[in-house]
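Chemist: One file is attached below, run12.csv, containing CSV, N, CA and C atoms.
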```csv
chain,number,residue,atom,x,y,z
A,1,MET,N,18.3,18.2,6.8
A,1,MET,CA,17.9,18.1,8.2
A,1,MET,C,17.3,19.4,8.7
A,2,SER,N,16.3,19.4,9.5
A,2,SER,CA,15.6,20.6,9.9
A,2,SER,C,16.5,21.3,10.9
A,3,ALA,N,16.1,22.6,11.2
A,3,ALA,CA,16.9,23.4,12.0
A,3,ALA,C,16.8,23.1,13.5
A,4,THR,N,15.7,22.5,13.9
A,4,THR,CA,15.5,22.2,15.4
A,4,THR,C,14.9,20.8,15.6
A,5,PRO,N,15.2,20.3,16.7
A,5,PRO,CA,14.6,18.9,17.0
A,5,PRO,C,13.1,19.0,17.0
A,6,ASP,N,12.5,20.1,17.4
A,6,ASP,CA,11.0,20.2,17.4
A,6,ASP,C,10.5,20.1,16.0
A,7,ALA,N,11.2,20.8,15.1
A,7,ALA,CA,10.8,20.7,13.7
A,7,ALA,C,10.9,19.3,13.1
A,8,ASP,N,11.9,18.6,13.5
A,8,ASP,CA,12.1,17.2,13.1
A,8,ASP,C,11.0,16.3,13.7
A,9,ALA,N,10.6,16.6,14.9
A,9,ALA,CA,9.5,15.8,15.5
A,9,ALA,C,8.2,16.0,14.8
A,10,ARG,N,8.0,17.3,14.5
A,10,ARG,CA,6.7,17.6,13.8
A,10,ARG,C,6.7,17.0,12.4
A,11,ARG,N,7.8,17.0,11.7
A,11,ARG,CA,7.9,16.4,10.4
A,11,ARG,C,7.7,14.9,10.5
A,12,ASP,N,8.3,14.2,11.5
A,12,ASP,CA,8.2,12.8,11.7
A,12,ASP,C,6.7,12.5,12.0
A,13,GLN,N,6.0,13.2,12.8
A,13,GLN,CA,4.6,13.0,13.2
A,13,GLN,C,3.7,13.2,11.9
A,14,SER,N,4.0,14.2,11.2
A,14,SER,CA,3.2,14.5,10.0
A,14,SER,C,3.4,13.3,9.0
A,15,LEU,N,4.6,12.8,8.8
A,15,LEU,CA,4.8,11.7,7.9
A,15,LEU,C,4.2,10.4,8.4
A,16,ARG,N,4.2,10.2,9.7
A,16,ARG,CA,3.5,9.1,10.3
A,16,ARG,C,2.0,9.2,10.1
A,17,ASN,N,1.4,10.4,10.2
A,17,ASN,CA,0.0,10.5,10.0
A,17,ASN,C,-0.4,10.2,8.6
A,18,VAL,N,0.4,10.7,7.6
A,18,VAL,CA,0.2,10.4,6.2
A,18,VAL,C,0.3,8.9,6.0
A,19,GLY,N,1.3,8.3,6.6
A,19,GLY,CA,1.4,6.8,6.5
A,19,GLY,C,0.2,6.1,7.0
A,20,HIS,N,-0.3,6.5,8.2
A,20,HIS,CA,-1.5,5.8,8.7
A,20,HIS,C,-2.7,6.0,7.8
A,21,VAL,N,-2.9,7.2,7.3
A,21,VAL,CA,-4.0,7.4,6.4
A,21,VAL,C,-3.9,6.5,5.2
A,22,SER,N,-2.7,6.5,4.6
A,22,SER,CA,-2.5,5.8,3.4
A,22,SER,C,-2.7,4.3,3.6
A,23,TYR,N,-2.1,3.8,4.7
A,23,TYR,CA,-2.2,2.3,5.0
A,23,TYR,C,-3.7,2.0,5.3
A,24,ALA,N,-4.4,2.9,5.9
A,24,ALA,CA,-5.8,2.7,6.2
A,24,ALA,C,-6.6,2.6,4.9
A,25,LEU,N,-6.4,3.5,4.0
A,25,LEU,CA,-7.1,3.4,2.7
A,25,LEU,C,-6.7,2.1,2.0
A,26,HIS,N,-5.4,1.8,2.0
A,26,HIS,CA,-5.0,0.5,1.3
A,26,HIS,C,-5.7,-0.7,2.0
A,27,ALA,N,-5.8,-0.7,3.3
A,27,ALA,CA,-6.4,-1.8,4.0
A,27,ALA,C,-7.8,-2.0,3.7
A,28,VAL,N,-8.6,-0.9,3.6
A,28,VAL,CA,-10.0,-1.0,3.2
A,28,VAL,C,-10.1,-1.6,1.8
A,29,VAL,N,-9.3,-1.2,0.9
A,29,VAL,CA,-9.4,-1.8,-0.5
A,29,VAL,C,-8.9,-3.2,-0.4
A,30,ALA,N,-7.8,-3.5,0.3
A,30,ALA,CA,-7.3,-4.9,0.3
A,30,ALA,C,-8.3,-5.8,1.0
A,31,ILE,N,-8.9,-5.4,2.1
A,31,ILE,CA,-10.0,-6.3,2.7
A,31,ILE,C,-11.1,-6.5,1.8
A,32,GLY,N,-11.5,-5.4,1.1
A,32,GLY,CA,-12.6,-5.5,0.2
A,32,GLY,C,-12.4,-6.4,-1.0
A,33,ALA,N,-11.1,-6.5,-1.3
A,33,ALA,CA,-10.7,-7.4,-2.4
A,33,ALA,C,-10.8,-8.9,-2.1
A,34,VAL,N,-10.8,-9.2,-0.8
A,34,VAL,CA,-10.9,-10.6,-0.4
A,34,VAL,C,-12.2,-11.0,0.2
A,35,VAL,N,-13.0,-10.0,0.5
A,35,VAL,CA,-14.4,-10.2,1.1
A,35,VAL,C,-15.4,-9.9,0.0
A,36,PRO,N,-16.0,-10.9,-0.6
A,36,PRO,CA,-16.8,-10.7,-1.8
A,36,PRO,C,-18.0,-9.8,-1.6
A,37,ALA,N,-18.6,-9.7,-0.4
A,37,ALA,CA,-19.7,-8.9,-0.2
A,37,ALA,C,-19.4,-7.4,0.0
A,38,PHE,N,-18.1,-7.1,0.2
A,38,PHE,CA,-17.6,-5.8,0.5
A,38,PHE,C,-16.7,-5.3,-0.6
A,39,GLN,N,-17.2,-4.4,-1.4
A,39,GLN,CA,-16.3,-3.9,-2.5
A,39,GLN,C,-16.2,-2.4,-2.5
A,40,PRO,N,-15.2,-1.9,-1.8
A,40,PRO,CA,-15.0,-0.4,-1.7
A,40,PRO,C,-14.6,0.1,-3.1
A,41,SER,N,-14.7,1.3,-3.3
A,41,SER,CA,-14.4,1.9,-4.5
A,41,SER,C,-12.9,1.9,-4.8
A,42,ILE,N,-12.5,1.8,-6.0
A,42,ILE,CA,-11.1,1.9,-6.5
A,42,ILE,C,-10.6,3.3,-6.2
A,43,VAL,N,-11.5,4.2,-6.1
A,43,VAL,CA,-11.2,5.6,-5.8
A,43,VAL,C,-10.3,5.7,-4.5
A,44,LEU,N,-10.6,4.9,-3.5
A,44,LEU,CA,-9.8,4.9,-2.3
A,44,LEU,C,-8.4,4.6,-2.6
A,45,LEU,N,-8.2,3.5,-3.4
A,45,LEU,CA,-6.8,3.1,-3.7
A,45,LEU,C,-6.1,4.2,-4.5
A,46,ILE,N,-6.8,4.8,-5.4
A,46,ILE,CA,-6.2,5.9,-6.2
A,46,ILE,C,-5.8,7.0,-5.4
A,47,ALA,N,-6.7,7.4,-4.4
A,47,ALA,CA,-6.5,8.5,-3.5
A,47,ALA,C,-5.2,8.2,-2.7
A,48,ALA,N,-5.1,7.0,-2.1
A,48,ALA,CA,-3.9,6.6,-1.3
A,48,ALA,C,-2.7,6.7,-2.2
A,49,PHE,N,-2.8,6.2,-3.4
A,49,PHE,CA,-1.6,6.2,-4.3
A,49,PHE,C,-1.2,7.6,-4.6
A,50,VAL,N,-2.1,8.5,-4.9
A,50,VAL,CA,-1.8,9.9,-5.2
A,50,VAL,C,-1.2,10.6,-4.0
A,51,ILE,N,-1.7,10.3,-2.8
A,51,ILE,CA,-1.2,10.9,-1.6
A,51,ILE,C,0.3,10.4,-1.4
A,52,ASP,N,0.6,9.2,-1.7
A,52,ASP,CA,1.9,8.7,-1.5
A,52,ASP,C,2.9,9.3,-2.6
A,53,LEU,N,2.4,9.5,-3.8
A,53,LEU,CA,3.2,10.1,-4.8
A,53,LEU,C,3.5,11.5,-4.5
A,54,VAL,N,2.5,12.3,-4.0
A,54,VAL,CA,2.7,13.7,-3.7
A,54,VAL,C,3.6,13.9,-2.5
A,55,LYS,N,3.4,13.1,-1.4
A,55,LYS,CA,4.1,13.3,-0.2
A,55,LYS,C,5.5,12.6,-0.1
A,56,ARG,N,5.8,11.8,-1.1
A,56,ARG,CA,7.0,11.0,-1.1
A,56,ARG,C,8.2,11.9,-0.9
A,57,ALA,N,8.3,13.0,-1.6
A,57,ALA,CA,9.4,13.9,-1.5
A,57,ALA,C,9.7,14.4,-0.1
A,58,ASP,N,8.6,14.6,0.6
A,58,ASP,CA,8.7,15.1,2.0
A,58,ASP,C,9.5,14.1,2.9
A,59,ALA,N,9.4,12.8,2.5
A,59,ALA,CA,10.1,11.8,3.4
A,59,ALA,C,11.5,11.5,3.0
A,60,ALA,N,12.0,12.2,2.0
A,60,ALA,CA,13.4,11.9,1.5
A,60,ALA,C,14.4,12.0,2.6
A,61,GLY,N,15.2,11.0,2.7
A,61,GLY,CA,16.3,10.9,3.7
A,61,GLY,C,15.8,10.5,5.1
A,62,THR,N,14.6,10.0,5.2
A,62,THR,CA,14.1,9.6,6.5
A,62,THR,C,13.7,8.1,6.4
A,63,TRP,N,13.4,7.5,7.5
A,63,TRP,CA,13.0,6.1,7.5
A,63,TRP,C,11.6,5.9,6.9
A,64,HIS,N,10.9,7.0,6.8
A,64,HIS,CA,9.5,7.0,6.2
A,64,HIS,C,9.6,6.8,4.7
A,65,GLU,N,10.7,7.2,4.1
A,65,GLU,CA,10.9,7.0,2.7
A,65,GLU,C,10.7,5.6,2.2
A,66,SER,N,11.1,4.6,3.0
A,66,SER,CA,11.0,3.2,2.7
A,66,SER,C,9.5,2.8,2.7
A,67,HIS,N,8.7,3.4,3.5
A,67,HIS,CA,7.3,3.1,3.5
A,67,HIS,C,6.5,3.7,2.3
A,68,PHE,N,6.9,4.9,1.9
A,68,PHE,CA,6.3,5.4,0.7
A,68,PHE,C,6.7,4.5,-0.5
A,69,ARG,N,7.9,4.1,-0.6
A,69,ARG,CA,8.3,3.2,-1.7
A,69,ARG,C,7.6,1.9,-1.6
A,70,TRP,N,7.4,1.3,-0.4
A,70,TRP,CA,6.7,0.0,-0.2
A,70,TRP,C,5.3,0.1,-0.6
A,71,ARG,N,4.6,1.2,-0.2
A,71,ARG,CA,3.2,1.3,-0.6
A,71,ARG,C,3.0,1.5,-2.1
A,72,ILE,N,3.9,2.4,-2.7
A,72,ILE,CA,3.8,2.6,-4.2
A,72,ILE,C,4.1,1.4,-4.9
A,73,ARG,N,5.1,0.6,-4.6
A,73,ARG,CA,5.5,-0.6,-5.3
A,73,ARG,C,4.3,-1.6,-5.1
A,74,SER,N,3.8,-1.7,-3.9
A,74,SER,CA,2.7,-2.7,-3.7
A,74,SER,C,1.5,-2.4,-4.7
A,75,VAL,N,1.1,-1.2,-4.8
A,75,VAL,CA,0.0,-0.8,-5.7
A,75,VAL,C,0.4,-1.1,-7.2
A,76,VAL,N,1.6,-0.7,-7.6
A,76,VAL,CA,2.0,-0.9,-9.0
A,76,VAL,C,2.1,-2.4,-9.3
A,77,TRP,N,2.7,-3.2,-8.4
A,77,TRP,CA,2.8,-4.6,-8.7
A,77,TRP,C,1.4,-5.3,-8.7
A,78,ALA,N,0.5,-4.9,-7.7
A,78,ALA,CA,-0.8,-5.5,-7.7
A,78,ALA,C,-1.6,-5.1,-9.0
A,79,ALA,N,-1.5,-3.9,-9.4
A,79,ALA,CA,-2.2,-3.5,-10.6
A,79,ALA,C,-1.7,-4.3,-11.8
A,80,LEU,N,-0.4,-4.4,-11.9
A,80,LEU,CA,0.2,-5.2,-13.0
A,80,LEU,C,-0.2,-6.6,-13.0
A,81,LEU,N,-0.2,-7.2,-11.8
A,81,LEU,CA,-0.7,-8.6,-11.7
A,81,LEU,C,-2.1,-8.8,-12.0
A,82,TYR,N,-3.0,-7.8,-11.6
A,82,TYR,CA,-4.4,-7.9,-11.9
A,82,TYR,C,-4.6,-7.8,-13.5
A,83,VAL,N,-3.9,-6.9,-14.1
A,83,VAL,CA,-4.0,-6.7,-15.5
A,83,VAL,C,-3.5,-8.0,-16.3
A,84,LEU,N,-2.4,-8.5,-15.8
A,84,LEU,CA,-1.8,-9.7,-16.5
A,84,LEU,C,-2.8,-10.9,-16.4
A,85,THR,N,-3.5,-11.0,-15.2
A,85,THR,CA,-4.4,-12.2,-15.0
A,85,THR,C,-5.8,-11.9,-15.5
A,86,LEU,N,-6.1,-10.7,-16.0
A,86,LEU,CA,-7.4,-10.4,-16.5
A,86,LEU,C,-8.0,-11.4,-17.5
A,87,PRO,N,-7.1,-11.8,-18.5
A,87,PRO,CA,-7.6,-12.8,-19.5
A,87,PRO,C,-8.2,-14.1,-18.9
A,88,LEU,N,-7.7,-14.5,-17.7
A,88,LEU,CA,-8.2,-15.7,-17.0
A,88,LEU,C,-9.7,-15.5,-16.8
A,89,TRP,N,-10.2,-14.3,-16.5
A,89,TRP,CA,-11.6,-14.1,-16.2
A,89,TRP,C,-12.5,-14.3,-17.5
A,90,PHE,N,-11.9,-13.9,-18.6
A,90,PHE,CA,-12.6,-14.0,-19.9
A,90,PHE,C,-12.7,-15.5,-20.4
A,91,PHE,N,-11.7,-16.3,-20.1
A,91,PHE,CA,-11.7,-17.6,-20.6
A,91,PHE,C,-12.1,-18.7,-19.6
A,92,PHE,N,-11.7,-18.5,-18.4
A,92,PHE,CA,-12.0,-19.4,-17.3
A,92,PHE,C,-12.3,-18.6,-16.0
A,93,VAL,N,-13.5,-18.6,-15.6
A,93,VAL,CA,-13.8,-17.8,-14.4
A,93,VAL,C,-13.1,-18.2,-13.2
A,94,LEU,N,-13.1,-19.5,-12.9
A,94,LEU,CA,-12.5,-20.0,-11.6
A,94,LEU,C,-11.0,-19.7,-11.5
A,95,PRO,N,-10.2,-19.9,-12.6
A,95,PRO,CA,-8.8,-19.5,-12.5
A,95,PRO,C,-8.6,-18.0,-12.3
A,96,GLY,N,-9.5,-17.2,-12.9
A,96,GLY,CA,-9.4,-15.7,-12.7
A,96,GLY,C,-9.7,-15.4,-11.2
A,97,TRP,N,-10.7,-16.0,-10.7
A,97,TRP,CA,-11.1,-15.8,-9.3
A,97,TRP,C,-10.0,-16.2,-8.3
A,98,ILE,N,-9.4,-17.3,-8.6
A,98,ILE,CA,-8.3,-17.8,-7.8
A,98,ILE,C,-7.1,-16.9,-7.9
A,99,ALA,N,-6.7,-16.5,-9.1
A,99,ALA,CA,-5.6,-15.6,-9.3
A,99,ALA,C,-5.8,-14.3,-8.6
A,100,TRP,N,-6.9,-13.7,-8.8
A,100,TRP,CA,-7.2,-12.4,-8.1
A,100,TRP,C,-7.3,-12.5,-6.6
A,101,GLY,N,-7.8,-13.6,-6.1
A,101,GLY,CA,-7.8,-13.9,-4.7
A,101,GLY,C,-6.4,-13.9,-4.1
A,102,LEU,N,-5.5,-14.6,-4.8
A,102,LEU,CA,-4.1,-14.7,-4.3
A,102,LEU,C,-3.4,-13.4,-4.4
A,103,ILE,N,-3.7,-12.6,-5.5
A,103,ILE,CA,-3.1,-11.3,-5.6
A,103,ILE,C,-3.6,-10.4,-4.4
A,104,SER,N,-4.9,-10.5,-4.1
A,104,SER,CA,-5.5,-9.7,-3.1
A,104,SER,C,-4.9,-10.0,-1.7
A,105,LEU,N,-4.7,-11.3,-1.5
A,105,LEU,CA,-4.1,-11.8,-0.2
A,105,LEU,C,-2.7,-11.3,-0.1
A,106,TRP,N,-1.9,-11.3,-1.2
A,106,TRP,CA,-0.6,-10.8,-1.2
A,106,TRP,C,-0.6,-9.3,-0.9
A,107,PHE,N,-1.5,-8.6,-1.5
A,107,PHE,CA,-1.6,-7.1,-1.2
A,107,PHE,C,-2.0,-6.8,0.2
A,108,LEU,N,-2.9,-7.6,0.8
A,108,LEU,CA,-3.3,-7.4,2.2
A,108,LEU,C,-2.1,-7.7,3.1
A,109,TYR,N,-1.3,-8.7,2.8
A,109,TYR,CA,-0.1,-9.0,3.6
A,109,TYR,C,0.8,-7.8,3.5
A,110,ARG,N,1.0,-7.2,2.3
A,110,ARG,CA,2.0,-6.1,2.2
A,110,ARG,C,1.5,-4.9,3.0
A,111,VAL,N,0.2,-4.7,3.0
A,111,VAL,CA,-0.4,-3.6,3.8
A,111,VAL,C,-0.2,-3.8,5.3
A,112,ALA,N,-0.6,-5.0,5.7
A,112,ALA,CA,-0.5,-5.3,7.1
A,112,ALA,C,1.0,-5.2,7.6
A,113,ARG,N,1.9,-5.8,6.9
A,113,ARG,CA,3.3,-5.8,7.2
A,113,ARG,C,3.9,-4.4,7.3
A,114,GLY,N,3.5,-3.6,6.3
A,114,GLY,CA,4.0,-2.2,6.3
A,114,GLY,C,3.4,-1.4,7.4
A,115,TRP,N,2.1,-1.5,7.7
A,115,TRP,CA,1.4,-0.8,8.7
A,115,TRP,C,2.0,-1.1,10.1
A,116,LEU,N,2.2,-2.4,10.3
A,116,LEU,CA,2.8,-2.8,11.6
A,116,LEU,C,4.2,-2.2,11.8
A,117,SER,N,5.0,-2.2,10.7
A,117,SER,CA,6.3,-1.6,10.8
A,117,SER,C,6.3,-0.1,11.0
A,118,LEU,N,5.3,0.6,10.4
A,118,LEU,CA,5.2,2.0,10.6
A,118,LEU,C,4.8,2.3,12.1
A,119,ASN,N,3.9,1.5,12.6
A,119,ASN,CA,3.5,1.6,14.0
A,119,ASN,C,4.7,1.4,14.9
A,120,ASP,N,5.6,0.5,14.6
A,120,ASP,CA,6.8,0.3,15.4
A,120,ASP,C,7.9,1.2,15.1
A,121,ARG,N,7.7,2.2,14.1
A,121,ARG,CA,8.7,3.1,13.7
A,121,ARG,C,9.9,2.5,13.1
A,122,LYS,N,9.7,1.4,12.3
A,122,LYS,CA,10.7,0.7,11.6
A,122,LYS,C,10.6,0.9,10.1
A,123,PRO,N,11.8,1.0,9.4
A,123,PRO,CA,11.7,1.2,8.0
A,123,PRO,C,11.4,-0.2,7.3
A,124,MET,N,10.9,-0.1,6.1
A,124,MET,CA,10.7,-1.3,5.3
A,124,MET,C,11.9,-1.8,4.6
A,125,PRO,N,12.1,-3.1,4.3
A,125,PRO,CA,13.3,-3.5,3.6
A,125,PRO,C,13.3,-3.0,2.2
A,126,VAL,N,14.5,-2.8,1.7
A,126,VAL,CA,14.6,-2.3,0.3
A,126,VAL,C,14.3,-3.3,-0.7
```
Please rewrite the model in this file as structure tokens.

Modeler:
Amino acid sequence: MSATPDADARRDQSLRNVGHVSYALHAVVAIGAVVPAFQPSIVLLIAAFVIDLVKRADAAGTWHESHFRWRIRSVVWAALLYVLTLPLWFFFVLPGWIAWGLISLWFLYRVARGWLSLNDRKPMPV
């Protein structure tokens, strides 16, 4: 715990700012994944993922820690699901498109749910 309430407030605001930036980057990628004409770069997702990995230690012991865990897990699970369903694209285009669409909608849901909780200053479930 920090030495002063002012330092705690600054830390909290800094972690909220990082969370908003990360969720915004995740949202751009998630929306791009479900809107065919809009395909943002995977670089945005990697940037958000790296930010979360680097800043996660700063959130240890706070309610923000659950948001870092939520975002990191969301990216890892989505990546794993995309890789596992990649063969569907090679053999059958339509099932691949459906699978990736469902994964993208799930990812968009995770981003929206997390961002709303961050805005309400609520931790994410474990």

Chemist: Excluding range 74-87 of chain A and residues on its chain fewer than 6 positions from it, collect all residues at most 8 Å away from it, counting only C-alpha atoms, and give them as a list of chain:residue names.

Modeler: A:Phe49, A:Gly96, A:Ala99, A:Trp100, A:Ile103, A:Ser104, A:Phe107, A:Arg110

Chemist: Tell me which of A:Ser22, A:Ser117, A:Asn17, A:Thr4 sits closest to Asp52 in chain A, counting only C-alpha atoms.

Modeler: A:Ser22

Chemist: Between atom C of Val93 in chain A and atom N of His26 in chain A, what is the spacing in Å?

Modeler: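 Between these atoms lies a distance of 26.3 Å.
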
Chemist: Among range 53-99 of chain A, which ones does DSSP assign to alpha helix (DSSP H) (computed from the backbone)? Answer as a PDB file with N, CA and C atoms, keeping the file's coordinate frame.

Modeler:
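Writing the result to out_3.pdb gives the following:
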```pdb
ATOM      1  N   LEU A  53       2.400   9.500  -3.800  1.00  0.00           N
ATOM      2  CA  LEU A  53       3.200  10.100  -4.800  1.00  0.00           C
ATOM      3  C   LEU A  53       3.500  11.500  -4.500  1.00  0.00           C
ATOM      4  N   VAL A  54       2.500  12.300  -4.000  1.00  0.00           N
ATOM      5  CA  VAL A  54       2.700  13.700  -3.700  1.00  0.00           C
ATOM      6  C   VAL A  54       3.600  13.900  -2.500  1.00  0.00           C
ATOM      7  N   LYS A  55       3.400  13.100  -1.400  1.00  0.00           N
ATOM      8  CA  LYS A  55       4.100  13.300  -0.200  1.00  0.00           C
ATOM      9  C   LYS A  55       5.500  12.600  -0.100  1.00  0.00           C
ATOM     10  N   HIS A  64      10.900   7.000   6.800  1.00  0.00           N
ATOM     11  CA  HIS A  64       9.500   7.000   6.200  1.00  0.00           C
ATOM     12  C   HIS A  64       9.600   6.800   4.700  1.00  0.00           C
ATOM     13  N   GLU A  65      10.700   7.200   4.100  1.00  0.00           N
ATOM     14  CA  GLU A  65      10.900   7.000   2.700  1.00  0.00           C
ATOM     15  C   GLU A  65      10.700   5.600   2.200  1.00  0.00           C
ATOM     16  N   SER A  66      11.100   4.600   3.000  1.00  0.00           N
ATOM     17  CA  SER A  66      11.000   3.200   2.700  1.00  0.00           C
ATOM     18  C   SER A  66       9.500   2.800   2.700  1.00  0.00           C
ATOM     19  N   HIS A  67       8.700   3.400   3.500  1.00  0.00           N
ATOM     20  CA  HIS A  67       7.300   3.100   3.500  1.00  0.00           C
ATOM     21  C   HIS A  67       6.500   3.700   2.300  1.00  0.00           C
ATOM     22  N   PHE A  68       6.900   4.900   1.900  1.00  0.00           N
ATOM     23  CA  PHE A  68       6.300   5.400   0.700  1.00  0.00           C
ATOM     24  C   PHE A  68       6.700   4.500  -0.500  1.00  0.00           C
ATOM     25  N   ARG A  69       7.900   4.100  -0.600  1.00  0.00           N
ATOM     26  CA  ARG A  69       8.300   3.200  -1.700  1.00  0.00           C
ATOM     27  C   ARG A  69       7.600   1.900  -1.600  1.00  0.00           C
ATOM     28  N   TRP A  70       7.400   1.300  -0.400  1.00  0.00           N
ATOM     29  CA  TRP A  70       6.700   0.000  -0.200  1.00  0.00           C
ATOM     30  C   TRP A  70       5.300   0.100  -0.600  1.00  0.00           C
ATOM     31  N   ARG A  71       4.600   1.200  -0.200  1.00  0.00           N
ATOM     32  CA  ARG A  71       3.200   1.300  -0.600  1.00  0.00           C
ATOM     33  C   ARG A  71       3.000   1.500  -2.100  1.00  0.00           C
ATOM     34  N   ILE A  72       3.900   2.400  -2.700  1.00  0.00           N
ATOM     35  CA  ILE A  72       3.800   2.600  -4.200  1.00  0.00           C
ATOM     36  C   ILE A  72       4.100   1.400  -4.900  1.00  0.00           C
ATOM     37  N   ARG A  73       5.100   0.600  -4.600  1.00  0.00           N
ATOM     38  CA  ARG A  73       5.500  -0.600  -5.300  1.00  0.00           C
ATOM     39  C   ARG A  73       4.300  -1.600  -5.100  1.00  0.00           C
ATOM     40  N   SER A  74       3.800  -1.700  -3.900  1.00  0.00           N
ATOM     41  CA  SER A  74       2.700  -2.700  -3.700  1.00  0.00           C
ATOM     42  C   SER A  74       1.500  -2.400  -4.700  1.00  0.00           C
ATOM     43  N   VAL A  75       1.100  -1.200  -4.800  1.00  0.00           N
ATOM     44  CA  VAL A  75       0.000  -0.800  -5.700  1.00  0.00           C
ATOM     45  C   VAL A  75       0.400  -1.100  -7.200  1.00  0.00           C
ATOM     46  N   VAL A  76       1.600  -0.700  -7.600  1.00  0.00           N
ATOM     47  CA  VAL A  76       2.000  -0.900  -9.000  1.00  0.00           C
ATOM     48  C   VAL A  76       2.100  -2.400  -9.300  1.00  0.00           C
ATOM     49  N   TRP A  77       2.700  -3.200  -8.400  1.00  0.00           N
ATOM     50  CA  TRP A  77       2.800  -4.600  -8.700  1.00  0.00           C
ATOM     51  C   TRP A  77       1.400  -5.300  -8.700  1.00  0.00           C
ATOM     52  N   ALA A  78       0.500  -4.900  -7.700  1.00  0.00           N
ATOM     53  CA  ALA A  78      -0.800  -5.500  -7.700  1.00  0.00           C
ATOM     54  C   ALA A  78      -1.600  -5.100  -9.000  1.00  0.00           C
ATOM     55  N   ALA A  79      -1.500  -3.900  -9.400  1.00  0.00           N
ATOM     56  CA  ALA A  79      -2.200  -3.500 -10.600  1.00  0.00           C
ATOM     57  C   ALA A  79      -1.700  -4.300 -11.800  1.00  0.00           C
ATOM     58  N   LEU A  80      -0.400  -4.400 -11.900  1.00  0.00           N
ATOM     59  CA  LEU A  80       0.200  -5.200 -13.000  1.00  0.00           C
ATOM     60  C   LEU A  80      -0.200  -6.600 -13.000  1.00  0.00           C
ATOM     61  N   LEU A  81      -0.200  -7.200 -11.800  1.00  0.00           N
ATOM     62  CA  LEU A  81      -0.700  -8.600 -11.700  1.00  0.00           C
ATOM     63  C   LEU A  81      -2.100  -8.800 -12.000  1.00  0.00           C
ATOM     64  N   TYR A  82      -3.000  -7.800 -11.600  1.00  0.00           N
ATOM     65  CA  TYR A  82      -4.400  -7.900 -11.900  1.00  0.00           C
ATOM     66  C   TYR A  82      -4.600  -7.800 -13.500  1.00  0.00           C
ATOM     67  N   VAL A  83      -3.900  -6.900 -14.100  1.00  0.00           N
ATOM     68  CA  VAL A  83      -4.000  -6.700 -15.500  1.00  0.00           C
ATOM     69  C   VAL A  83      -3.500  -8.000 -16.300  1.00  0.00           C
ATOM     70  N   LEU A  84      -2.400  -8.500 -15.800  1.00  0.00           N
ATOM     71  CA  LEU A  84      -1.800  -9.700 -16.500  1.00  0.00           C
ATOM     72  C   LEU A  84      -2.800 -10.900 -16.400  1.00  0.00           C
ATOM     73  N   THR A  85      -3.500 -11.000 -15.200  1.00  0.00           N
ATOM     74  CA  THR A  85      -4.400 -12.200 -15.000  1.00  0.00           C
ATOM     75  C   THR A  85      -5.800 -11.900 -15.500  1.00  0.00           C
ATOM     76  N   LEU A  86      -6.100 -10.700 -16.000  1.00  0.00           N
ATOM     77  CA  LEU A  86      -7.400 -10.400 -16.500  1.00  0.00           C
ATOM     78  C   LEU A  86      -8.000 -11.400 -17.500  1.00  0.00           C
ATOM     79  N   PRO A  87      -7.100 -11.800 -18.500  1.00  0.00           N
ATOM     80  CA  PRO A  87      -7.600 -12.800 -19.500  1.00  0.00           C
ATOM     81  C   PRO A  87      -8.200 -14.100 -18.900  1.00  0.00           C
ATOM     82  N   LEU A  88      -7.700 -14.500 -17.700  1.00  0.00           N
ATOM     83  CA  LEU A  88      -8.200 -15.700 -17.000  1.00  0.00           C
ATOM     84  C   LEU A  88      -9.700 -15.500 -16.800  1.00  0.00           C
ATOM     85  N   TRP A  89     -10.200 -14.300 -16.500  1.00  0.00           N
ATOM     86  CA  TRP A  89     -11.600 -14.100 -16.200  1.00  0.00           C
ATOM     87  C   TRP A  89     -12.500 -14.300 -17.500  1.00  0.00           C
ATOM     88  N   PHE A  90     -11.900 -13.900 -18.600  1.00  0.00           N
ATOM     89  CA  PHE A  90     -12.600 -14.000 -19.900  1.00  0.00           C
ATOM     90  C   PHE A  90     -12.700 -15.500 -20.400  1.00  0.00           C
ATOM     91  N   PHE A  91     -11.700 -16.300 -20.100  1.00  0.00           N
ATOM     92  CA  PHE A  91     -11.700 -17.600 -20.600  1.00  0.00           C
ATOM     93  C   PHE A  91     -12.100 -18.700 -19.600  1.00  0.00           C
ATOM     94  N   VAL A  93     -13.500 -18.600 -15.600  1.00  0.00           N
ATOM     95  CA  VAL A  93     -13.800 -17.800 -14.400  1.00  0.00           C
ATOM     96  C   VAL A  93     -13.100 -18.200 -13.200  1.00  0.00           C
ATOM     97  N   LEU A  94     -13.100 -19.500 -12.900  1.00  0.00           N
ATOM     98  CA  LEU A  94     -12.500 -20.000 -11.600  1.00  0.00           C
ATOM     99  C   LEU A  94     -11.000 -19.700 -11.500  1.00  0.00           C
ATOM    100  N   PRO A  95     -10.200 -19.900 -12.600  1.00  0.00           N
ATOM    101  CA  PRO A  95      -8.800 -19.500 -12.500  1.00  0.00           C
ATOM    102  C   PRO A  95      -8.600 -18.000 -12.300  1.00  0.00           C
ATOM    103  N   GLY A  96      -9.500 -17.200 -12.900  1.00  0.00           N
ATOM    104  CA  GLY A  96      -9.400 -15.700 -12.700  1.00  0.00           C
ATOM    105  C   GLY A  96      -9.700 -15.400 -11.200  1.00  0.00           C
ATOM    106  N   TRP A  97     -10.700 -16.000 -10.700  1.00  0.00           N
ATOM    107  CA  TRP A  97     -11.100 -15.800  -9.300  1.00  0.00           C
ATOM    108  C   TRP A  97     -10.000 -16.200  -8.300  1.00  0.00           C
ATOM    109  N   ILE A  98      -9.400 -17.300  -8.600  1.00  0.00           N
ATOM    110  CA  ILE A  98      -8.300 -17.800  -7.800  1.00  0.00           C
ATOM    111  C   ILE A  98      -7.100 -16.900  -7.900  1.00  0.00           C
ATOM    112  N   ALA A  99      -6.700 -16.500  -9.100  1.00  0.00           N
ATOM    113  CA  ALA A  99      -5.600 -15.600  -9.300  1.00  0.00           C
ATOM    114  C   ALA A  99      -5.800 -14.300  -8.600  1.00  0.00           C
TER     115      ALA A  99
END
```

Chemist: Considering only C-alpha atoms, return as JSON, numbers by chain whatever protein or nucleic-acid residues lie within 12 Å of Val50 in chain A, sequence-local ones (same chain, fewer than 4 positions apart) excluded.

Modeler: {"A": [18, 22, 25, 26, 43, 44, 45, 46, 54, 55, 56, 68, 71, 72, 75]}
